[in-house]
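For reference, data-v7.txt (compact mmCIF, C-alpha atoms):
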```txt
# COMPACT_ATOMS: atom_id res chain seq x y z
CA MET A 133 17.17 -7.49 4.06
CA ILE A 134 13.50 -8.17 4.84
CA LYS A 135 11.43 -10.65 2.82
CA LEU A 136 7.63 -10.49 2.70
CA THR A 137 4.97 -12.33 0.73
CA VAL A 138 1.65 -10.66 -0.09
CA ASN A 139 -1.39 -12.74 0.85
CA GLU A 140 -4.93 -12.54 -0.46
CA LYS A 141 -6.24 -10.14 2.19
CA ASP A 142 -3.54 -7.58 1.35
CA GLU A 143 -4.05 -7.70 -2.42
CA GLY A 144 -4.91 -4.30 -3.87
CA LYS A 145 -3.08 -2.31 -1.20
CA LYS A 146 -0.52 0.32 -2.12
CA LEU A 147 3.03 -0.78 -1.47
CA ASP A 148 3.65 1.85 1.21
CA LYS A 149 0.62 0.83 3.29
CA PHE A 150 1.50 -2.85 3.01
CA LEU A 151 5.13 -2.36 4.05
CA ILE A 152 4.45 0.12 6.86
CA SER A 153 1.86 -2.22 8.40
CA ASN A 154 4.23 -5.20 8.17
CA ILE A 155 7.66 -3.74 8.95
CA GLU A 156 8.01 -2.42 12.48
CA GLY A 157 9.71 0.97 12.59
CA LEU A 158 9.17 1.79 8.91
CA THR A 159 7.82 5.30 8.42
CA GLN A 160 6.36 7.01 5.35
CA ASN A 161 9.47 9.14 5.01
CA LEU A 162 11.82 6.15 5.30
CA PHE A 163 9.73 4.17 2.81
CA TYR A 164 10.11 6.86 0.13
CA LYS A 165 13.84 7.18 0.77
CA THR A 166 14.21 3.43 0.30
CA LEU A 167 12.03 3.55 -2.82
CA ARG A 168 14.07 6.35 -4.41
CA LYS A 169 17.25 4.34 -3.87
CA LYS A 170 15.61 1.35 -5.63
CA ASP A 171 16.22 -0.76 -2.55
CA ILE A 172 12.87 -2.54 -2.93
CA LYS A 173 12.39 -5.55 -5.19
CA ILE A 174 9.07 -7.12 -6.19
CA ASN A 175 9.35 -10.54 -7.81
CA GLU A 176 13.09 -9.95 -8.32
CA LYS A 177 12.59 -6.62 -10.12
CA ARG A 178 13.74 -3.32 -8.59
CA ILE A 179 11.04 -0.66 -8.45
CA ASN A 180 10.94 3.07 -7.78
CA SER A 181 7.18 3.74 -7.68
CA ASN A 182 4.45 3.19 -5.09
CA ILE A 183 2.65 0.40 -6.93
CA ILE A 184 -0.32 -1.81 -6.01
CA VAL A 185 0.66 -5.19 -4.57
CA LYS A 186 -0.88 -8.48 -5.67
CA ASN A 187 -1.50 -11.81 -3.99
CA GLY A 188 1.66 -13.92 -4.12
CA ASP A 189 4.07 -11.01 -4.74
CA ILE A 190 7.45 -11.58 -3.10
CA ILE A 191 8.89 -8.33 -1.78
CA LEU A 192 12.49 -7.78 -0.73
CA VAL A 193 13.34 -4.62 1.21
CA TYR A 194 17.04 -3.76 1.64
CA ILE A 195 17.14 -1.65 4.80
CA SER A 196 19.29 -1.72 7.94
CA GLU A 197 18.05 -2.42 11.46
CA GLU A 198 19.62 0.85 12.60
CA LEU A 199 17.28 2.85 10.37
CA LEU A 200 14.21 0.95 11.55
CA LYS A 201 15.16 1.29 15.21
CA PRO A 202 16.96 4.63 15.58
CA LYS A 203 18.89 5.14 18.80
CA ILE A 204 17.04 7.31 21.29
CA ASN A 205 19.00 9.18 23.93
CA ILE A 206 17.19 8.88 27.25
CA ASP A 207 17.44 11.86 29.60
CA ILE A 208 17.40 10.52 33.17
CA ILE A 209 16.60 13.38 35.57
CA TYR A 210 16.78 11.42 38.83
CA GLU A 211 17.62 7.87 39.86
CA ASP A 212 18.02 5.85 43.04
CA ASP A 213 17.66 2.18 44.01
CA ASN A 214 13.86 2.23 43.64
CA ILE A 215 12.78 4.84 41.09
CA LEU A 216 13.67 6.60 37.85
CA VAL A 217 12.49 10.00 36.66
CA VAL A 218 12.88 10.25 32.89
CA ASN A 219 12.30 13.19 30.55
CA LYS A 220 10.25 11.44 27.85
CA PRO A 221 10.97 12.76 24.36
CA TYR A 222 8.32 13.76 21.86
CA ASN A 223 6.82 11.05 19.58
CA LEU A 224 7.46 8.12 21.91
CA GLU A 225 4.89 5.98 23.72
CA VAL A 226 5.34 5.26 27.42
CA THR A 227 4.25 1.61 26.98
CA GLY A 228 3.96 -0.84 24.09
CA LYS A 229 6.42 -2.02 21.44
CA ASN A 230 9.60 0.10 21.08
CA SER A 231 8.31 2.32 23.89
CA LEU A 232 10.13 4.22 26.62
CA THR A 233 9.45 1.32 28.99
CA ASP A 234 11.02 -1.14 26.53
CA ILE A 235 14.11 1.03 26.15
CA LEU A 236 14.56 1.35 29.91
CA GLN A 237 13.97 -2.37 30.50
CA GLU A 238 16.71 -3.15 28.00
CA LYS A 239 19.04 -0.73 29.80
CA TYR A 240 18.19 -2.10 33.28
CA GLN A 241 17.89 -5.82 32.52
CA ASP A 242 18.25 -6.85 36.15
CA LYS A 243 15.34 -4.63 37.25
CA ASN A 244 11.59 -4.77 36.72
CA ILE A 245 11.02 -1.34 35.15
CA LEU A 246 7.37 -0.26 35.38
CA PRO A 247 5.74 3.12 34.63
CA CYS A 248 3.75 4.70 37.47
CA HIS A 249 1.74 6.90 35.09
CA ARG A 250 1.61 7.84 31.41
CA ILE A 251 1.68 10.90 29.21
CA ASP A 252 0.65 11.10 25.56
CA ARG A 253 2.98 10.07 22.76
CA ASN A 254 3.16 13.65 21.47
CA THR A 255 3.78 15.12 24.92
CA LYS A 256 7.28 15.72 26.22
CA GLY A 257 7.77 15.62 29.97
CA LEU A 258 8.75 13.78 33.15
CA VAL A 259 7.61 10.19 33.68
CA LEU A 260 8.10 8.34 36.96
CA PHE A 261 9.18 4.67 36.82
CA SER A 262 9.62 2.12 39.59
CA LYS A 263 12.41 -0.45 39.65
CA ASN A 264 10.50 -3.05 41.65
CA GLU A 265 6.98 -4.10 42.63
CA GLU A 266 7.21 -2.66 46.15
CA SER A 267 8.06 0.86 45.02
CA LEU A 268 5.42 0.64 42.26
CA ASN A 269 2.68 -0.14 44.78
CA ILE A 270 3.78 2.68 47.07
CA LEU A 271 3.87 5.22 44.25
CA LEU A 272 0.52 4.14 42.79
CA GLN A 273 -1.05 4.58 46.22
CA LYS A 274 0.48 8.05 46.52
CA PHE A 275 -0.94 9.01 43.12
CA LYS A 276 -4.34 7.69 44.25
CA ASN A 277 -4.15 9.73 47.47
CA GLN A 278 -3.04 12.79 45.47
CA GLU A 279 0.20 12.99 47.44
CA ILE A 280 2.08 13.45 44.16
CA GLU A 281 1.22 16.45 41.97
CA LYS A 282 1.35 16.33 38.18
CA HIS A 283 1.75 19.66 36.41
CA TYR A 284 1.55 20.27 32.66
CA LEU A 285 2.62 23.30 30.66
CA ALA A 286 0.11 24.16 27.94
CA LEU A 287 0.41 26.93 25.36
CA VAL A 288 -3.15 27.79 24.37
CA TYR A 289 -5.16 30.11 22.16
CA GLY A 290 -7.02 32.67 24.24
CA VAL A 291 -6.37 34.66 27.41
CA PRO A 292 -8.28 33.67 30.57
CA LYS A 293 -9.77 36.46 32.67
CA GLU A 294 -8.88 34.72 35.94
CA ASN A 295 -5.28 34.18 37.04
CA SER A 296 -6.25 30.73 38.28
CA LYS A 297 -9.34 28.54 38.12
CA ARG A 298 -10.56 25.10 39.18
CA CYS A 299 -12.94 23.68 36.58
CA GLU A 300 -15.31 20.74 37.01
CA ALA A 301 -17.07 18.96 34.16
CA PHE A 302 -18.02 15.48 32.91
CA LEU A 303 -16.25 13.47 30.21
CA PHE A 304 -17.45 10.61 28.02
CA LYS A 305 -15.03 8.47 26.00
CA ASP A 306 -16.44 7.06 22.76
CA ASN A 307 -14.13 4.17 21.90
CA LYS A 308 -15.76 3.52 18.52
CA LYS A 309 -15.17 7.07 17.28
CA ALA A 310 -11.92 7.52 19.24
CA LYS A 311 -13.26 10.79 20.66
CA VAL A 312 -14.19 12.22 24.02
CA TYR A 313 -17.05 14.57 24.84
CA ILE A 314 -17.39 17.14 27.62
CA SER A 315 -20.56 18.18 29.45
CA ASP A 316 -21.25 20.72 32.21
CA VAL A 317 -23.93 18.47 33.69
CA PRO A 318 -23.87 14.78 34.69
CA LYS A 319 -24.97 12.35 31.98
CA LYS A 320 -25.12 8.59 31.60
CA ARG A 321 -21.60 7.08 31.18
CA TYR A 322 -19.96 10.50 31.68
CA ARG A 323 -17.26 10.63 34.37
CA LYS A 324 -16.47 13.64 36.51
CA ILE A 325 -13.25 15.49 35.71
CA VAL A 326 -11.43 18.29 37.54
CA THR A 327 -8.90 20.48 35.73
CA SER A 328 -7.16 23.46 37.33
CA TYR A 329 -4.96 26.04 35.69
CA LYS A 330 -2.78 29.02 36.58
CA VAL A 331 -1.81 31.65 34.02
CA LEU A 332 1.98 31.85 33.80
CA GLU A 333 2.16 34.23 30.87
CA ARG A 334 -0.27 36.34 28.83
CA ARG A 335 1.07 37.05 25.35
CA LYS A 336 0.37 39.89 22.93
CA ASP A 337 -0.78 37.50 20.20
CA SER A 338 -3.82 36.45 22.30
CA THR A 339 -2.20 33.24 23.49
CA SER A 340 -1.35 32.14 27.03
CA LEU A 341 1.01 29.79 28.82
CA LEU A 342 -0.80 27.79 31.49
CA ASP A 343 0.29 25.58 34.37
CA VAL A 344 -2.35 22.83 34.31
CA GLU A 345 -3.03 20.35 37.10
CA ILE A 346 -5.57 17.52 37.00
CA GLU A 347 -7.24 15.88 39.98
CA THR A 348 -8.67 13.20 37.70
CA GLY A 349 -6.79 11.43 34.91
CA LYS A 350 -9.21 10.65 32.10
CA THR A 351 -8.30 10.10 28.42
CA HIS A 352 -7.44 13.38 26.65
CA GLN A 353 -8.77 15.28 29.66
CA ILE A 354 -6.50 18.31 29.42
CA ARG A 355 -6.80 18.73 25.65
CA ALA A 356 -10.57 18.26 25.56
CA HIS A 357 -11.41 20.23 28.71
CA LEU A 358 -9.28 23.24 27.76
CA ALA A 359 -10.82 23.28 24.28
CA TYR A 360 -14.28 23.12 25.87
CA LEU A 361 -13.33 26.13 28.02
CA GLY A 362 -12.36 28.07 24.88
CA LEU A 363 -8.62 27.59 25.46
CA PRO A 364 -7.54 25.00 22.82
CA ILE A 365 -3.93 23.87 22.91
CA ILE A 366 -1.86 25.29 20.06
CA GLY A 367 -0.95 22.57 17.58
CA ASP A 368 -3.69 20.17 18.68
CA ARG A 369 -5.30 19.09 15.40
CA LYS A 370 -8.09 17.08 16.99
CA ILE A 371 -11.53 18.70 17.09
CA TRP A 372 -13.24 18.17 20.44
```
Starting from the file, give its structure as structure tokens.
Amino acid sequence: MIKLTVNEKDEGKKLDKFLISNIEGLTQNLFYKTLRKKDIKINEKRINSNIIVKNGDIILVYISEELLKPKINIDIIYEDDNILVVNKPYNLEVTGKNSLTDILQEKYQDKNILPCHRIDRNTKGLVLFSKNEESLNILLQKFKNQEIEKHYLALVYGVPKENSKRCEAFLFKDNKKAKVYISDVPKKRYRKIVTSYKVLERRKDSTSLLDVEIETGKTHQIRAHLAYLGLPIIGDRKIW
């Protein structure tokens, strides 16, 4: 059971927004399941609707830890005394609270588990971890020297004319708007990016499967650059 008290700054919020922002691991879907079961009390009264909370409300949520922190099966592809290669599942951050790094650190409590690179939360793929500071420094240097290649599979709208292409452009990250912008020419605060692709498969529905490699690792580089080239990734809802 989780007990929360609504303060003045949260007054007027809907119950779901208040609980999701204050209970780690609570999702919209899990909130409504709990609500339907009448496992939420406000001021000692059970409720089954998404009401507005008020300053001073005392909320009791009857939910198990197992539901808030579901068990995630980690697929370890390779392991030795110094490194781990893990197939990161979809919808999981590499770092942060309840992240892949947290899960691995809990599993290897006698090691210092550190990620050598990151991939997006909604991207599934291999992530390289070090088990100690020495191996981390070696691997980071190898990434910097481009001795380690990172390849990404991208299913995109459109069919490129060339079988392979190396594309240069410039990217600007606008932190306030949480967007990035691409330009063909250098501009103030824009950073150079290099994205290469090879066509693995051309499909009859005017889509293509690409093998993408990046020489630079800027925020949202692959998604934004491919969209700029007229090859947006299927399922990417963000407008670049």
Could you list, with a cut-off of 12 Å and counting all atoms listed in the file, the residues of region 322-347 of chain A near region 268-278 of chain A, each shown with its nearest atom pair and the distance in Å rounded to one decimal, rows sorted by chain and ascending number, as JSON lines?
```
{"residue": "A:Glu345", "atom": "CA", "partner": "A:Gln278", "partner_atom": "CA", "distance": 11.3}
{"residue": "A:Ile346", "atom": "CA", "partner": "A:Gln278", "partner_atom": "CA", "distance": 10.0}
{"residue": "A:Glu347", "atom": "CA", "partner": "A:Gln278", "partner_atom": "CA", "distance": 7.6}
```
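Residue nearest Lys229 (chain A) within the list A:Gly362, A:Pro247, A:Gly188, A:Gly157: A:Gly157 [criterion: smallest interatomic distance, all atoms listed in the file].
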Within 10 Å of region 163-176 of chain A, which residues of region 193-225 of chain A show up? Give each one with its shortest atom-to-atom distance in Å (one decimal) and the two atoms involved, counting all atoms listed in the file, rows by chain then rising residue number, as a Markdown table.
```
| residue | atom | partner | partner_atom | distance |
| --- | --- | --- | --- | --- |
| A:Val193 | CA | A:Ile172 | CA | 4.7 |
| A:Tyr194 | CA | A:Asp171 | CA | 5.2 |
| A:Ile195 | CA | A:Thr166 | CA | 7.4 |
```
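The residue that comes closest to Tyr240 (chain A), out of A:Val259, A:Val138, A:Leu216, A:Ile190 and on the basis of all atoms listed in the file, is A:Leu216.
Pairwise distance (CA of Leu136 (chain A), CA of Leu192 (chain A)) equals 6.5 Å.
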Practice item. Show which residues sit within 7 Å of Val326 (chain A), as a PyMOL selection string. Count all atoms listed in the file, and ignore same-chain residues fewer than 2 positions away. Key: chain A and resi 299-301+324+328+346-348
With C-alpha atoms retained, could you export that selection as an mmCIF file, in the frame of the given file?
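out_3.cif written:
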```cif
data_model
loop_
_atom_site.group_PDB
_atom_site.id
_atom_site.type_symbol
_atom_site.label_atom_id
_atom_site.label_comp_id
_atom_site.auth_asym_id
_atom_site.auth_seq_id
_atom_site.Cartn_x
_atom_site.Cartn_y
_atom_site.Cartn_z
ATOM 1 C CA CYS A 299 -12.940 23.680 36.580
ATOM 2 C CA GLU A 300 -15.310 20.740 37.010
ATOM 3 C CA ALA A 301 -17.070 18.960 34.160
ATOM 4 C CA LYS A 324 -16.470 13.640 36.510
ATOM 5 C CA SER A 328 -7.160 23.460 37.330
ATOM 6 C CA ILE A 346 -5.570 17.520 37.000
ATOM 7 C CA GLU A 347 -7.240 15.880 39.980
ATOM 8 C CA THR A 348 -8.670 13.200 37.700
#
```
N, CA and C atoms restored at region 157-181 of chain A, emitted as a PDB file, in the coordinates of the input:
```
ATOM      1  N   GLY A 157       8.741  -0.118  12.617  1.00  0.00           N
ATOM      2  CA  GLY A 157       9.710   0.970  12.590  1.00  0.00           C
ATOM      3  C   GLY A 157       9.791   1.681  11.254  1.00  0.00           C
ATOM      4  N   LEU A 158       9.138   1.145  10.223  1.00  0.00           N
ATOM      5  CA  LEU A 158       9.170   1.790   8.910  1.00  0.00           C
ATOM      6  C   LEU A 158       8.178   2.945   8.880  1.00  0.00           C
ATOM      7  N   THR A 159       8.664   4.123   8.522  1.00  0.00           N
ATOM      8  CA  THR A 159       7.820   5.300   8.420  1.00  0.00           C
ATOM      9  C   THR A 159       7.586   5.658   6.960  1.00  0.00           C
ATOM     10  N   GLN A 160       6.642   6.568   6.715  1.00  0.00           N
ATOM     11  CA  GLN A 160       6.360   7.010   5.350  1.00  0.00           C
ATOM     12  C   GLN A 160       7.606   7.639   4.729  1.00  0.00           C
ATOM     13  N   ASN A 161       8.276   8.469   5.505  1.00  0.00           N
ATOM     14  CA  ASN A 161       9.470   9.140   5.010  1.00  0.00           C
ATOM     15  C   ASN A 161      10.573   8.143   4.663  1.00  0.00           C
ATOM     16  N   LEU A 162      10.795   7.163   5.533  1.00  0.00           N
ATOM     17  CA  LEU A 162      11.820   6.150   5.300  1.00  0.00           C
ATOM     18  C   LEU A 162      11.461   5.253   4.127  1.00  0.00           C
ATOM     19  N   PHE A 163      10.172   4.969   3.961  1.00  0.00           N
ATOM     20  CA  PHE A 163       9.730   4.170   2.810  1.00  0.00           C
ATOM     21  C   PHE A 163      10.122   4.852   1.500  1.00  0.00           C
ATOM     22  N   TYR A 164       9.821   6.161   1.383  1.00  0.00           N
ATOM     23  CA  TYR A 164      10.110   6.860   0.130  1.00  0.00           C
ATOM     24  C   TYR A 164      11.614   7.012  -0.115  1.00  0.00           C
ATOM     25  N   LYS A 165      12.388   7.140   0.945  1.00  0.00           N
ATOM     26  CA  LYS A 165      13.840   7.180   0.770  1.00  0.00           C
ATOM     27  C   LYS A 165      14.349   5.846   0.215  1.00  0.00           C
ATOM     28  N   THR A 166      13.819   4.759   0.766  1.00  0.00           N
ATOM     29  CA  THR A 166      14.210   3.430   0.300  1.00  0.00           C
ATOM     30  C   THR A 166      13.756   3.206  -1.135  1.00  0.00           C
ATOM     31  N   LEU A 167      12.581   3.694  -1.469  1.00  0.00           N
ATOM     32  CA  LEU A 167      12.030   3.550  -2.820  1.00  0.00           C
ATOM     33  C   LEU A 167      12.876   4.302  -3.839  1.00  0.00           C
ATOM     34  N   ARG A 168      13.265   5.523  -3.482  1.00  0.00           N
ATOM     35  CA  ARG A 168      14.070   6.350  -4.410  1.00  0.00           C
ATOM     36  C   ARG A 168      15.429   5.703  -4.692  1.00  0.00           C
ATOM     37  N   LYS A 169      15.955   5.004  -3.700  1.00  0.00           N
ATOM     38  CA  LYS A 169      17.250   4.340  -3.870  1.00  0.00           C
ATOM     39  C   LYS A 169      17.129   2.990  -4.608  1.00  0.00           C
ATOM     40  N   LYS A 170      15.892   2.642  -4.965  1.00  0.00           N
ATOM     41  CA  LYS A 170      15.610   1.350  -5.630  1.00  0.00           C
ATOM     42  C   LYS A 170      16.070   0.176  -4.783  1.00  0.00           C
ATOM     43  N   ASP A 171      15.846   0.305  -3.476  1.00  0.00           N
ATOM     44  CA  ASP A 171      16.220  -0.760  -2.550  1.00  0.00           C
ATOM     45  C   ASP A 171      15.033  -1.665  -2.218  1.00  0.00           C
ATOM     46  N   ILE A 172      14.026  -1.653  -3.088  1.00  0.00           N
ATOM     47  CA  ILE A 172      12.870  -2.540  -2.930  1.00  0.00           C
ATOM     48  C   ILE A 172      12.720  -3.355  -4.210  1.00  0.00           C
ATOM     49  N   LYS A 173      12.610  -4.662  -4.049  1.00  0.00           N
ATOM     50  CA  LYS A 173      12.390  -5.550  -5.190  1.00  0.00           C
ATOM     51  C   LYS A 173      11.028  -6.238  -5.044  1.00  0.00           C
ATOM     52  N   ILE A 174      10.297  -6.331  -6.151  1.00  0.00           N
ATOM     53  CA  ILE A 174       9.070  -7.120  -6.190  1.00  0.00           C
ATOM     54  C   ILE A 174       9.228  -8.164  -7.278  1.00  0.00           C
ATOM     55  N   ASN A 175       9.156  -9.433  -6.879  1.00  0.00           N
ATOM     56  CA  ASN A 175       9.350 -10.540  -7.810  1.00  0.00           C
ATOM     57  C   ASN A 175      10.665 -10.400  -8.588  1.00  0.00           C
ATOM     58  N   GLU A 176      11.718 -10.059  -7.818  1.00  0.00           N
ATOM     59  CA  GLU A 176      13.090  -9.950  -8.320  1.00  0.00           C
ATOM     60  C   GLU A 176      13.338  -8.745  -9.225  1.00  0.00           C
ATOM     61  N   LYS A 177      12.396  -7.833  -9.311  1.00  0.00           N
ATOM     62  CA  LYS A 177      12.590  -6.620 -10.120  1.00  0.00           C
ATOM     63  C   LYS A 177      12.621  -5.393  -9.209  1.00  0.00           C
ATOM     64  N   ARG A 178      13.647  -4.546  -9.377  1.00  0.00           N
ATOM     65  CA  ARG A 178      13.740  -3.320  -8.590  1.00  0.00           C
ATOM     66  C   ARG A 178      12.685  -2.322  -9.056  1.00  0.00           C
ATOM     67  N   ILE A 179      12.078  -1.636  -8.111  1.00  0.00           N
ATOM     68  CA  ILE A 179      11.040  -0.660  -8.450  1.00  0.00           C
ATOM     69  C   ILE A 179      11.363   0.686  -7.818  1.00  0.00           C
ATOM     70  N   ASN A 180      10.762   1.736  -8.359  1.00  0.00           N
ATOM     71  CA  ASN A 180      10.940   3.070  -7.780  1.00  0.00           C
ATOM     72  C   ASN A 180       9.618   3.841  -7.757  1.00  0.00           C
ATOM     73  N   SER A 181       8.490   3.093  -7.760  1.00  0.00           N
ATOM     74  CA  SER A 181       7.180   3.740  -7.680  1.00  0.00           C
ATOM     75  C   SER A 181       6.294   3.013  -6.675  1.00  0.00           C
TER      76      SER A 181
END
```
